[in-house]
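S.K.: Encoded as structure tokens, here's the structure I'll be asking about.
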Amino acid sequence: MTPKISLLTAAWLVLKKDWQIEWRTRARLTALIFFSGATLLLFSFAMGPDVTSLRAHAHGYLWLGLLFASVLSLGESFRIESENQALTGLVLTPVEPRAIFIGKVLGNASMLFALSLVLLPITIGLYDVDLTRVPHLLLLVLFLGTLGISAPGTVYSAISANARARDVMLPLLLFPVLVPLLLAAASATKLTFQPDPQDQLGSWLKLLIAFDLIYLSVGFLVFPKIAEED
Amino acid sequence: MPASIPLLLLLALAVMVVVHVVVPKTRPILWKVSAALGLVMLGLLMYLGMFYAPPEAFMSNVGRILYVHVPYIWMAFIAFLMNVGCAFAYLMKKSWVTDALAESSAEVGVLFGAVGVAMGSIWARPTWGVWWDWDPRLISTTVMLLSYVGYLALRSFTEDPERRATWSAAVGILSGVSLPITYYSVRWWNSLHQVQSSTASVDKTMGSVLLWGLVTLLCFLFPFIVKRYEIARARQTAAMELPPLEAPRPEAA
Amino acid sequence: MRALFAGLVVAASLAFADIAPPEKAPPEPAPAPAVVEPAPAPAPAPQHPMGIEKAVGSGVIQGGWEYVYACYALAVIGVLGYGASLFVRRPKEQAS
């Protein structure tokens with residue numbers, strides 16, 4: 001037996017490795033920012049210049065922009081591994097595949113969360129929303145939402161990175177699963193942008209937490225099987 | 001018509017399925033019996049549903065769509081449930097049988113689900129005045145359908161049989177898990193759809209006709225899954241000289 | 001590929017040609033509602049021969065048989081069509 005390191009340490013190492021790769025070029029985050037910024041801009045073109053209706057739907061545009069960007073980001077996160085069989089190497093190291101899963105999920109989630117933080121000022125500029133009502137809850141929603149995209153997204157991108165037609169496959173598999181997340185995250189974000197007369201924000205937050213926990217645990221169980229096949 | 005007639009037929013079908021699984025010798029015959037029974041019952045269902053059953057209280061004759069719509073959707077649910085079960089079983093213990101069954105049930109489920117949703121859309125037109133509405137059950141069924149279309153696409157885009165089996169089992173489980181979450185999250189929106197129709201919630205005659213419809217489609221579900229399973233098995237065998245599943249591989253930890 | 005691009009260019013130029021202001025005004029699409037107006041439906045007659053209950057309507061959907069036929073046809077087509085597709089894809093008979 002090789003000396004084993006704990007699950008969390010291994011996950012932290014995987015996460016650190018992903019951050020280092022990203023930090024060296026900063027290519028992925030830059031590309032994502034431009035991509036989703038352009039998406040948000042295009043939404044306002046497609047919907048017309050009516051500021052009231054743009055403001056009323058800003059939460060939806062923000063999450064659609066994040067969702068589209070997440071497909072790029074998730075696809076990239078395993079593409080770097082499938083080049084030069086890096087994932088095989090990673091699986092062969094004395095590291096539990098589950099640690100790879102946790103590290104990858106956190107890496108993807110942190111990337112998307114950073115992206116969402118950059119998108120917030122853009123939404124102010126384009127849609128004139130008010131972010132100052134409950135900023136801490138807004139951050140919580142963004143964090144839970146991006147984590148929820150990443151948990152099933154990491155499983156699916158590990159699959160589609162090696163499949164044929166992978167660029168089509170990832171959204172095809174991922175979007176149906178993310179429907180509840182999109183609903184909850186967009187509704188919760190709406191209630192942080194606008195007044196929440198019926199106090200519904202809490203229940204959407206609960207749904208987000210439940211979604212995250214369910215997919216983190218399902219991915220935790222399923223990912224080792226997938227990693228074996230890569 | 002008393003409800004005992006379709007119940008008896010259901011019992012006969014259940015016996016057929018059990019015998020099919022337990023006694024391999026009967027396999028070439030039983031699916032034919034079931035399909036033939038299904039065809040006869042389908043012909044009778046036309047009569048029973050359209051003329052014998054009483055008109056619905058509010059929807060009148062349009063309500064007769066119930067007898068085909070509900071069974072179709074139920075068959076889709078049964079097939080997807082079976083798919084999740086097979087996916088789970090495959091991840092527990094690798095087997096080409098559960099993989100082929102999963103493929104077969106997913107495709108049959110997509111067929112029944114697609115037809116059922118189309119029927120629901122036709123039904124919505126005269127009752128709700130629209131072809132489509134943002135109703136929880138409608139959306140979650142459609143989302144379920146979409147995720148299984150993705151499942152089938154993944155299967156057809158992956159050549160390596162073992163990879164395909166593992167990947168699609170993972171996707172099957174994730175899609176299955178997403179179903180109840182989708183349903184409950186969409187239910188927060190205001191619901192238009194009537195309460196689920198089951199045999200208990202409707203008039204006695206209507207109940208037995210609905211049961212008749214369910215048994216009719218079960219008679220088709222069984223041979224469909226069996227025959228699609230055989231196709232899947234034949235493809236597996238054709239794709240390779242089935243290597244041992246637990247090939248010696250370097251231990252990962 | 002080149003032919004495709006040529007076709008695209010032609011299509012695009014045609015589309016741009018459409019943007020040029022038309023020489024004459026396009027035919028008025030307006031008169032359509034005006035035609036409907038002179039003949040209001042005589043349905044809600046105040047004194048209905050069958051009595052006021054029938055005239056008001058009972059909230060029950062009338063007719064709609066075409067939807068029922070469509071659904072039952074779909075039910076048959078779905079089952080038979082898939083059966084046919086399974087037959088077409090049937091595995092070839094093997095020696096074993």
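All residue names refer to the structure tokens as shown: chains lettered A, B, ... in order, residues numbered from 1 in each chain, ligands numbered from 1 in order.
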Chain B residues within 7 Å of chain C, counting only C-alpha atoms: which ones, as a ChimeraX atom specification?
M.R.: /B:58-62,64-65,68,115,119,122-123,126,227-228,231,234
S.K.: Using only C-alpha atoms, find which residues of chain A lie within 6 Å of chain B and jot them down as JSON, numbers by chain.
M.R.: {"A": [92, 94, 163, 164, 172, 173, 176, 177, 180, 229]}
S.K.: Between A:Ala227, A:Ser82, A:Gly145, A:Leu174, which has the minimum distance to A:Leu207 (counting only C-alpha atoms)?
M.R.: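 Checking each candidate against A:Leu207, we get A:Gly145 as the closest.
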S.K.: Might you pull out every residue within 9 Å of A:Ser70, with only C-alpha atoms counted and same-chain residues fewer than 6 positions away left off, and present them as a PyMOL selection string?
M.R.: chain A and resi 32+108+112+146+149-150+153
S.K.: Filtering to N, CA, C and O atoms, could you give me those residues as a PDB file, in the first residue's frame?
M.R.:
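And here's out-v4.pdb as it stands now:
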```pdb
ATOM      1  N   LEU A  32     -14.281  33.383 -20.569  1.00  0.00           N
ATOM      2  CA  LEU A  32     -15.633  33.251 -20.019  1.00  0.00           C
ATOM      3  C   LEU A  32     -16.258  34.618 -19.777  1.00  0.00           C
ATOM      4  O   LEU A  32     -17.437  34.835 -20.059  1.00  0.00           O
ATOM      5  N   ASN A 108     -14.437  24.045 -10.577  1.00  0.00           N
ATOM      6  CA  ASN A 108     -15.433  24.583 -11.509  1.00  0.00           C
ATOM      7  C   ASN A 108     -16.329  25.607 -10.828  1.00  0.00           C
ATOM      8  O   ASN A 108     -16.645  26.657 -11.400  1.00  0.00           O
ATOM      9  N   LEU A 112     -16.857  29.540 -11.811  1.00  0.00           N
ATOM     10  CA  LEU A 112     -18.156  30.124 -12.154  1.00  0.00           C
ATOM     11  C   LEU A 112     -18.555  31.211 -11.165  1.00  0.00           C
ATOM     12  O   LEU A 112     -19.170  32.213 -11.553  1.00  0.00           O
ATOM     13  N   THR A 146     -23.878  28.308  -8.524  1.00  0.00           N
ATOM     14  CA  THR A 146     -22.732  27.877  -9.319  1.00  0.00           C
ATOM     15  C   THR A 146     -22.241  26.514  -8.841  1.00  0.00           C
ATOM     16  O   THR A 146     -21.813  25.683  -9.644  1.00  0.00           O
ATOM     17  N   ILE A 149     -24.491  24.031 -10.464  1.00  0.00           N
ATOM     18  CA  ILE A 149     -24.167  23.771 -11.874  1.00  0.00           C
ATOM     19  C   ILE A 149     -22.968  22.833 -11.947  1.00  0.00           C
ATOM     20  O   ILE A 149     -22.910  21.925 -12.769  1.00  0.00           O
ATOM     21  N   SER A 150     -22.003  23.065 -11.048  1.00  0.00           N
ATOM     22  CA  SER A 150     -20.753  22.319 -11.157  1.00  0.00           C
ATOM     23  C   SER A 150     -20.908  20.859 -10.755  1.00  0.00           C
ATOM     24  O   SER A 150     -20.205  20.008 -11.303  1.00  0.00           O
ATOM     25  N   GLY A 153     -22.451  18.988 -13.463  1.00  0.00           N
ATOM     26  CA  GLY A 153     -21.657  19.369 -14.630  1.00  0.00           C
ATOM     27  C   GLY A 153     -20.311  18.667 -14.648  1.00  0.00           C
ATOM     28  O   GLY A 153     -19.820  18.284 -15.717  1.00  0.00           O
TER      29      GLY A 153
END
```
S.K.: Between atom CA of B:Leu8 and atom CA of B:Gly207, what is the distance in Å, rounded to a tenth?
M.R.: 14.8 Å
S.K.: Any chance you could list, as a PyMOL selection string, the residues in stretch 16-230 of chain B that come up alpha helix (DSSP H) when DSSP is run on the backbone?
M.R.: chain B and resi 16-22+27-47+66-92+96-128+136-157+161-186+204-230
S.K.: What separation in Å, quoted to one decimal, exists between atom CA of A:Ser77 and atom CA of A:Val91?
M.R.: 15.6 Å
S.K.: If you count only C-alpha atoms, which residues fall within 12 Å of A:Phe220, apart from same-chain ones fewer than 6 positions away, as a ChimeraX atom specification?
M.R.: /A:7,96-105,151-152,154-155,212-214,226-227 /B:170,174
S.K.: What's the separation between atom CA of B:Tyr52 and atom CA of B:Ser34, in Å to one decimal place?
M.R.: 24.2 Å
S.K.: Identify, on the basis of only C-alpha atoms, every residue whose closest approach to B:Leu218 does not exceed 10 Å; exclude the query and any residue fewer than 2 positions from it along the same chain; express the result as a tab-separated table (two decimals) with N, CA and C atoms, in the first residue's frame.
M.R.:
```
chain	number	residue	atom	x	y	z
B	10	LEU	N	-54.52	-8.52	-16.51
B	10	LEU	CA	-53.26	-8.04	-15.93
B	10	LEU	C	-52.54	-9.18	-15.23
B	13	LEU	N	-50.98	-11.39	-17.73
B	13	LEU	CA	-49.77	-10.78	-18.28
B	13	LEU	C	-48.62	-10.92	-17.30
B	14	ALA	N	-48.93	-10.69	-16.01
B	14	ALA	CA	-47.87	-10.79	-15.01
B	14	ALA	C	-47.31	-12.20	-14.99
B	34	SER	N	-48.33	-12.05	-25.91
B	34	SER	CA	-48.61	-10.77	-25.28
B	34	SER	C	-48.94	-9.71	-26.33
B	35	ALA	N	-48.18	-9.70	-27.43
B	35	ALA	CA	-48.44	-8.69	-28.47
B	35	ALA	C	-49.80	-8.93	-29.11
B	38	GLY	N	-52.35	-7.78	-26.85
B	38	GLY	CA	-52.35	-6.32	-26.89
B	38	GLY	C	-53.11	-5.79	-28.08
B	71	PRO	N	-52.46	5.91	-19.85
B	71	PRO	CA	-51.65	4.69	-19.98
B	71	PRO	C	-50.30	4.94	-20.66
B	72	TYR	N	-50.28	5.77	-21.69
B	72	TYR	CA	-49.01	6.03	-22.37
B	72	TYR	C	-47.99	6.63	-21.40
B	74	TRP	N	-47.98	6.47	-18.19
B	74	TRP	CA	-47.60	5.48	-17.17
B	74	TRP	C	-46.55	4.53	-17.71
B	75	MET	N	-46.73	4.09	-18.94
B	75	MET	CA	-45.75	3.17	-19.52
B	75	MET	C	-44.38	3.83	-19.56
B	78	ILE	N	-42.95	3.68	-16.12
B	78	ILE	CA	-42.50	2.33	-15.78
B	78	ILE	C	-41.16	2.05	-16.46
B	212	TRP	N	-58.32	-1.00	-18.38
B	212	TRP	CA	-58.21	-1.73	-19.64
B	212	TRP	C	-57.11	-1.13	-20.51
B	213	GLY	N	-57.10	0.20	-20.60
B	213	GLY	CA	-56.07	0.86	-21.39
B	213	GLY	C	-54.68	0.58	-20.85
B	214	LEU	N	-54.54	0.61	-19.53
B	214	LEU	CA	-53.23	0.35	-18.93
B	214	LEU	C	-52.75	-1.06	-19.26
B	215	VAL	N	-53.66	-2.04	-19.11
B	215	VAL	CA	-53.26	-3.41	-19.39
B	215	VAL	C	-52.92	-3.58	-20.86
B	216	THR	N	-53.71	-2.91	-21.73
B	216	THR	CA	-53.43	-2.98	-23.16
B	216	THR	C	-52.00	-2.55	-23.45
B	220	PHE	N	-48.11	-4.30	-24.67
B	220	PHE	CA	-47.14	-3.89	-25.69
B	220	PHE	C	-45.78	-3.60	-25.07
B	221	LEU	N	-45.80	-3.04	-23.87
B	221	LEU	CA	-44.53	-2.69	-23.22
B	221	LEU	C	-43.64	-3.92	-23.07
B	222	PHE	N	-44.24	-5.02	-22.68
B	222	PHE	CA	-43.47	-6.24	-22.44
B	222	PHE	C	-42.76	-6.71	-23.72
B	223	PRO	N	-43.47	-6.97	-24.82
B	223	PRO	CA	-42.73	-7.41	-26.01
B	223	PRO	C	-41.78	-6.35	-26.57
B	224	PHE	N	-42.14	-5.07	-26.43
B	224	PHE	CA	-41.24	-4.02	-26.94
B	224	PHE	C	-39.90	-4.10	-26.23
```
